[in-house]
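Remarks on the structure that follows.
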Amino acid sequence: MIYWNSLSDFLAMGGYGLYVWGSFGVTALIMVMEPILVLRHQKNTLARLKRQLRAESRNTAE
Amino acid sequence: MLEADNLECVRGERRLFAGLGFRLEAGELLYLQGRNGAGKTSLLRMLIGLLPPESGEIRWQGMPIKTAGEHFRADLCYLGHLNAIKEELTPLENLLAAARLAEEPLAEDDALDALEQVGLAGREDLACKHLSQGQKRRVALARLVKERRPLWILDEPFVALDIAAVDWLATLISGHLQRGGLAVMTTHQTVAIPAGTVRELRIGH
Amino acid sequence: MKDRFNLYRFASPATFYPLAGSLIPYFVAVSVVFGLAGLYLGMLVAPTDFQQGEGYRIIFIHVPASWMSMFIYLVMAFWAAIGLAFNTRLSGMMAQALAPTGALMAFLSLWTGALWGKPMWGAWWVWDARLTSELILLFLYIGYMALTAAIDDTRRADKAGGLLLLVGVVNVPIIYFSVKWWNTLHQGSSVNLTKSSMAETMLWGMLLMAMCFWMYSIAIALIRARTIMLERERHTDWARAVIAGAHE
Amino acid sequence: MLNIIGAVIARDLKLAMRRQADIVSAVFFFIIVVSLFPLGIGPEPELLRKLAPGVLWVAALLATMLSLPRLFADDHRDGTLEQLALAPHPLGLVVTGKVIAHWLVSGLPLALIAPVLGIQFDLSADALLVLTGAILLGTPALSGIGAIGAALTLGLRGGGVLLSLLVLPLYIPVLIFGAGAVDATVSGLGGEGHLSLLAAMTIAAVGFAPWASAAALKIALE
């Protein structure tokens, strides 16, 4: 089933290794980084909103 | 007849007012009062149709102003806190251009007459940038002199006017009411309007 | 009539927020499965292309990224049209949530296009219709994000951004055909469903990768939409409940 | 309908005449940018002829951009825009008038000066004629599309830069066919096809853009 004979063949991509892996590498980087950044932003936003809510309820309690 | 029903106004994240309504008949004046930031100007902008209310409806002669559109605007005269005059044009050119753009033909004699009434006689040919703040306001008010559209909406019309001008404007407004016109205005000082029914509406708490 | 199906209910943030939250894991899982299958087919099983050698394998990300960059723009324009017509709050949030992913897809399309073009045509960049339109698409994404970021009032930002999106939808085809007439260098469309020049495995690999990108975009847009939603609706009861219940 | 468009044009032209410095500086910008190119590239006539259409068109594009931020900003600042929006006719007609006035003040002078500048690039008489025609036909589209950007960025901080970011990509078709018309003439193919496409784009832009701009202005006025 598998087309490649060896790992080094696979990595070389018939001489196009730089182009193929350059494409896949950047894509992988983006598709890993974007979720990380988005999730971190979500976490920070939630924490900030929670702080605000707490400060607000403290103000109304007094 | 101008009616407002259950108006709600949200600016940014704040709800300025909700459940606001009134009914204004021919010959009546509505004073809008409230502290700064209560939403007076926002309400005026809703009434002229520039700001869609969050909920509620405004009707002119029984028809929602949103659907009435151009028919409503043909009956409306609005004076904002900005003068809407061009600094490069003379008072006369300003009046004539404004009338032309509002599709309300104004004869040059009538325009000159209006400028004389607001005390700008002799300054008709001076570009507005050479006029003082008060004089510029008078140019803006001069539009009202020959104004025969039934609904006037005025944002702080008395600001920056001297006592004589305040009296003159009050007379002008009462003349408008006597002709069966309607007026809505915001103001900080209560000015006695000689004729017509005056109602008050307080916005905010 | 109370329990009649109501579309507006799903368009309301209070309903959408938990619904999106429970859907995200499925989209992620499906995306991963499709991605692994696509990579397996495309990178390990598919034979070489007799014209382009192994370099053609860039197609497995280039084409899905290009498709997604255009598709996301269309979806944003669709939301914009809904938002401008019915004044729904959700539309603007969805458009904003999609924009960064769309821009990244456009960037990926250009990047992989350049890396593919260099060995195939001998140039990193060829001024043809598809490449140029893709570049304009990237500019439109950036313009949309810059415009909405510059407007403080979210309501005005949504409407102005929506209008820009619709103007862009009209213009992108015009730009495409302008550049096409100006200079025609690019090869014809590589996917032709009736008589495909591609081997079947390649086609399947590409379609699986496209599904992976699609599901990825949905998942990431939903996460972003939830954050935007919470931020904008923080004064409402449902948002307060969500914020108070969240653990840091 | 023509009444109101005429009234807006008359007012805007009168205002522009009172502020001639703006028109003059845009024209000078055009002249200077175009004249800088031969200095940067070198004096070979062959090369200059090749570059002329593109250089003239890019300079025309940038010169038109200069006055765009003020298209609605002045009226917005002094409250006139509100009055225009409240007048008893569609705002789109008002914007149509403003777009035409903007073209008369910014596009038309460029078209008139372009043949003179074309001489610097050793263009033939034919090419100069087509160049003038192309700029005459294409610049109204620039004013129209620009109006959308000006309306969208009205009153925003950094509006000018944002305006270029939004508008310049959309100018590409006009640039391609505008420069293409001159190119085709220079190479002896005839620029009629390009010119008719330019005309089509201008008709579409002037017909459609004012209504999109009007929608954007209403959003900005809320």
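Ligands are numbered from 1 in the order shown, residues from 1 within each chain, and chains are lettered A, B, ... in the order they appear in the structure tokens.
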
Which chain B residues have any atom within 10 Å of an atom of chain D, and for each, what is the nearest pair of atoms with distance in Å to one decimal, counting only C-alpha atoms, rows sorted by chain and number, as a tab-separated table?
```
residue	atom	partner	partner_atom	distance
B:Arg11	CA	D:Glu222	CA	10.0
B:Ser42	CA	D:Glu222	CA	9.1
B:Arg45	CA	D:Glu222	CA	7.9
B:Met46	CA	D:Glu222	CA	9.0
B:Ile48	CA	D:Leu86	CA	7.6
B:Gly49	CA	D:Leu86	CA	8.2
B:Leu50	CA	D:Glu222	CA	5.7
B:Leu51	CA	D:Glu222	CA	4.7
B:Pro52	CA	D:Glu222	CA	7.6
B:Gly69	CA	D:Pro88	CA	8.0
B:Glu70	CA	D:Pro88	CA	4.7
B:His71	CA	D:Pro88	CA	6.9
B:Phe72	CA	D:Pro88	CA	7.8
B:Arg73	CA	D:Pro88	CA	5.0
B:Ala74	CA	D:Pro88	CA	4.9
B:Asp75	CA	D:Pro88	CA	8.5
B:Leu76	CA	D:Leu86	CA	8.0
B:Cys77	CA	D:Leu86	CA	8.3
B:Tyr78	CA	D:Gln83	CA	7.5
B:Leu79	CA	D:Gln83	CA	8.4
B:Gly80	CA	D:Gly79	CA	7.4
B:His81	CA	D:Gly79	CA	8.2
B:Leu82	CA	D:Gly79	CA	5.1
B:Asn83	CA	D:Gly79	CA	6.2
B:Ala84	CA	D:Thr80	CA	4.3
B:Ile85	CA	D:Asp78	CA	6.6
B:Lys86	CA	D:Asp78	CA	7.3
B:Glu87	CA	D:Asp78	CA	8.8
B:Glu88	CA	D:Arg18	CA	6.4
B:Leu89	CA	D:Leu15	CA	7.2
B:Glu93	CA	D:Arg11	CA	9.2
B:Asn94	CA	D:Arg11	CA	9.4
B:Ala97	CA	D:Arg11	CA	6.8
B:Ala98	CA	D:Gln83	CA	8.2
B:Ala99	CA	D:Ala87	CA	9.7
B:Arg100	CA	D:Ala7	CA	6.5
B:Leu101	CA	D:Ala7	CA	6.3
B:Ala102	CA	D:Ala87	CA	4.8
B:Glu103	CA	D:Pro88	CA	7.3
B:Glu104	CA	D:Ala87	CA	9.6
B:Ala127	CA	D:Arg18	CA	9.9
```

Write out as a ChimeraX atom specification which residues come within 12 Å of Asn5 in chain A when counting only C-alpha atoms, dropping same-chain ones fewer than 4 positions away. /A:1,9-14 /C:44-45,47

Skip range 78-90 of chain C itself and residues of its chain fewer than 4 positions away, then list as a PDB file with N, CA, C and O atoms, in the first residue's frame all residues within 7 Å of it, counting only C-alpha atoms.
```pdb
ATOM      1  N   ALA C  11     -30.306  31.709  17.187  1.00  0.00           N
ATOM      2  CA  ALA C  11     -29.477  32.851  16.838  1.00  0.00           C
ATOM      3  C   ALA C  11     -29.198  33.706  18.066  1.00  0.00           C
ATOM      4  O   ALA C  11     -28.446  34.660  17.996  1.00  0.00           O
ATOM      5  N   SER C  12     -29.819  33.380  19.195  1.00  0.00           N
ATOM      6  CA  SER C  12     -29.567  34.184  20.381  1.00  0.00           C
ATOM      7  C   SER C  12     -28.324  33.663  21.081  1.00  0.00           C
ATOM      8  O   SER C  12     -28.153  32.452  21.241  1.00  0.00           O
ATOM      9  N   PRO C  13     -27.446  34.564  21.515  1.00  0.00           N
ATOM     10  CA  PRO C  13     -26.192  34.151  22.139  1.00  0.00           C
ATOM     11  C   PRO C  13     -26.386  33.228  23.334  1.00  0.00           C
ATOM     12  O   PRO C  13     -25.598  32.297  23.526  1.00  0.00           O
ATOM     13  N   LEU C  74     -16.918  33.946   1.905  1.00  0.00           N
ATOM     14  CA  LEU C  74     -18.327  33.890   1.509  1.00  0.00           C
ATOM     15  C   LEU C  74     -19.233  33.717   2.726  1.00  0.00           C
ATOM     16  O   LEU C  74     -20.293  34.342   2.807  1.00  0.00           O
ATOM     17  N   MET C  94     -20.038  36.247  14.526  1.00  0.00           N
ATOM     18  CA  MET C  94     -19.558  35.138  13.703  1.00  0.00           C
ATOM     19  C   MET C  94     -18.564  35.645  12.661  1.00  0.00           C
ATOM     20  O   MET C  94     -17.507  35.047  12.439  1.00  0.00           O
ATOM     21  N   ALA C  95     -18.895  36.766  12.026  1.00  0.00           N
ATOM     22  CA  ALA C  95     -17.993  37.308  11.010  1.00  0.00           C
ATOM     23  C   ALA C  95     -16.637  37.636  11.636  1.00  0.00           C
ATOM     24  O   ALA C  95     -15.584  37.310  11.087  1.00  0.00           O
ATOM     25  N   LYS C 159     -21.663  46.550  11.521  1.00  0.00           N
ATOM     26  CA  LYS C 159     -22.370  46.990  10.318  1.00  0.00           C
ATOM     27  C   LYS C 159     -21.392  47.472   9.253  1.00  0.00           C
ATOM     28  O   LYS C 159     -21.507  47.097   8.082  1.00  0.00           O
ATOM     29  N   GLY C 162     -19.583  44.580   7.857  1.00  0.00           N
ATOM     30  CA  GLY C 162     -20.476  43.808   7.008  1.00  0.00           C
ATOM     31  C   GLY C 162     -20.605  44.420   5.626  1.00  0.00           C
ATOM     32  O   GLY C 162     -20.554  43.719   4.610  1.00  0.00           O
ATOM     33  N   LEU C 165     -17.553  43.710   3.679  1.00  0.00           N
ATOM     34  CA  LEU C 165     -17.540  42.325   3.200  1.00  0.00           C
ATOM     35  C   LEU C 165     -18.374  42.188   1.933  1.00  0.00           C
ATOM     36  O   LEU C 165     -17.976  41.522   0.974  1.00  0.00           O
TER      37      LEU C 165
END
```

Per-residue nearest contacts of chain C to chain D (10 Å; only C-alpha atoms) as a tab-separated table:
```
residue	atom	partner	partner_atom	distance
C:Thr132	CA	D:Ile172	CA	9.8
C:Ser133	CA	D:Pro169	CA	9.6
C:Leu135	CA	D:Pro169	CA	9.1
C:Ile136	CA	D:Pro169	CA	6.0
C:Leu137	CA	D:Pro169	CA	8.9
C:Leu138	CA	D:Pro169	CA	10.0
C:Phe139	CA	D:Pro169	CA	7.0
C:Leu140	CA	D:Leu166	CA	7.0
C:Tyr141	CA	D:Leu166	CA	9.7
C:Ile142	CA	D:Leu165	CA	8.3
C:Gly143	CA	D:Leu166	CA	5.4
C:Tyr144	CA	D:Leu166	CA	8.0
C:Ala146	CA	D:Leu162	CA	7.1
C:Leu147	CA	D:Leu162	CA	7.0
C:Thr148	CA	D:Thr153	CA	10.0
C:Ala150	CA	D:Leu156	CA	6.5
C:Ile151	CA	D:Leu156	CA	6.7
C:Asp152	CA	D:Leu156	CA	9.1
C:Arg155	CA	D:Ile219	CA	9.1
C:Arg156	CA	D:Ile219	CA	6.2
C:Ala157	CA	D:Ile219	CA	9.1
C:Asp158	CA	D:Ile219	CA	9.8
C:Lys159	CA	D:Ile219	CA	6.8
C:Ala160	CA	D:Leu152	CA	6.0
C:Gly161	CA	D:Leu152	CA	8.3
C:Gly162	CA	D:Ala216	CA	9.8
C:Leu163	CA	D:Ala216	CA	7.1
C:Leu164	CA	D:Leu152	CA	7.8
C:Leu166	CA	D:Ala212	CA	9.4
C:Val167	CA	D:Ala212	CA	7.9
C:Gly168	CA	D:Leu170	CA	8.0
C:Asn171	CA	D:Leu170	CA	6.8
C:Val172	CA	D:Leu170	CA	8.4
C:Ile174	CA	D:Pro173	CA	7.2
C:Ile175	CA	D:Pro173	CA	5.7
C:Tyr176	CA	D:Pro173	CA	8.8
C:Phe177	CA	D:Pro173	CA	8.8
C:Ser178	CA	D:Pro173	CA	5.6
C:Val179	CA	D:Pro173	CA	7.4
C:Trp181	CA	D:Phe177	CA	9.5
C:Trp182	CA	D:Ile176	CA	7.0
```

Exercise: Phe121 in chain D partners within 10 Å, only C-alpha atoms, chain neighbours under 2 positions left out, as an NGL selection string: :D and (34-35 or 37-38 or 43-53 or 55-56 or 115-119 or 123-124)

Write the selection just made, keeping N, CA and C atoms, as a compact mmCIF listing (two decimals), in the first residue's frame?
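In the end it all went to part19.txt:
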```txt
# COMPACT_ATOMS: atom_id res chain seq x y z
N VAL D 34 5.13 61.74 -10.88
CA VAL D 34 5.39 61.27 -12.24
C VAL D 34 6.79 61.71 -12.69
N SER D 35 7.19 62.92 -12.33
CA SER D 35 8.48 63.42 -12.78
C SER D 35 9.64 62.76 -12.07
N PHE D 37 9.96 59.59 -11.50
CA PHE D 37 10.27 58.29 -12.06
C PHE D 37 11.42 58.29 -13.07
N PRO D 38 11.39 59.19 -14.05
CA PRO D 38 12.51 59.19 -15.00
C PRO D 38 13.84 59.40 -14.29
N PRO D 43 17.31 57.64 -18.29
CA PRO D 43 16.73 58.37 -19.43
C PRO D 43 16.43 57.53 -20.67
N GLU D 44 16.61 56.18 -20.66
CA GLU D 44 16.38 55.45 -21.91
C GLU D 44 14.93 55.58 -22.34
N PRO D 45 14.67 56.13 -23.52
CA PRO D 45 13.30 56.38 -23.99
C PRO D 45 12.49 55.09 -24.09
N GLU D 46 13.17 53.99 -24.51
CA GLU D 46 12.46 52.72 -24.70
C GLU D 46 11.84 52.26 -23.38
N LEU D 47 12.66 52.29 -22.33
CA LEU D 47 12.21 51.86 -21.01
C LEU D 47 11.10 52.79 -20.49
N LEU D 48 11.29 54.09 -20.67
CA LEU D 48 10.32 55.05 -20.18
C LEU D 48 8.96 54.86 -20.85
N ARG D 49 9.01 54.63 -22.17
CA ARG D 49 7.75 54.40 -22.88
C ARG D 49 7.02 53.20 -22.31
N LYS D 50 7.80 52.15 -21.98
CA LYS D 50 7.21 50.93 -21.44
C LYS D 50 6.56 51.19 -20.06
N LEU D 51 7.25 52.03 -19.26
CA LEU D 51 6.78 52.24 -17.90
C LEU D 51 5.68 53.29 -17.78
N ALA D 52 5.61 54.19 -18.79
CA ALA D 52 4.75 55.37 -18.67
C ALA D 52 3.31 55.07 -18.21
N PRO D 53 2.62 54.13 -18.88
CA PRO D 53 1.21 53.93 -18.49
C PRO D 53 1.06 53.58 -17.01
N VAL D 55 3.19 54.06 -14.50
CA VAL D 55 3.61 55.15 -13.61
C VAL D 55 2.53 56.22 -13.53
N LEU D 56 2.01 56.63 -14.69
CA LEU D 56 1.00 57.68 -14.69
C LEU D 56 -0.26 57.23 -13.96
N PRO D 115 -1.50 64.35 -20.41
CA PRO D 115 -0.78 64.33 -21.69
C PRO D 115 0.53 65.11 -21.64
N VAL D 116 0.52 66.19 -20.90
CA VAL D 116 1.75 66.98 -20.78
C VAL D 116 2.84 66.15 -20.10
N LEU D 117 2.43 65.44 -19.06
CA LEU D 117 3.41 64.62 -18.35
C LEU D 117 3.84 63.43 -19.21
N GLY D 118 2.93 62.95 -20.05
CA GLY D 118 3.26 61.82 -20.92
C GLY D 118 4.40 62.14 -21.85
N ILE D 119 4.54 63.41 -22.21
CA ILE D 119 5.63 63.82 -23.10
C ILE D 119 6.98 63.52 -22.46
N LEU D 123 5.93 59.49 -25.05
CA LEU D 123 4.78 58.77 -25.61
C LEU D 123 4.38 59.43 -26.93
N SER D 124 3.86 58.59 -27.85
CA SER D 124 3.42 59.12 -29.13
C SER D 124 2.09 59.87 -28.95
```

What's the 9 Å shell around range 37-45 of chain A, counting only C-alpha atoms, without same-chain residues fewer than 3 positions away, as number ranges by chain? A: 32-34, 48-50; C: 220, 223-224, 226-228, 230-231, 248
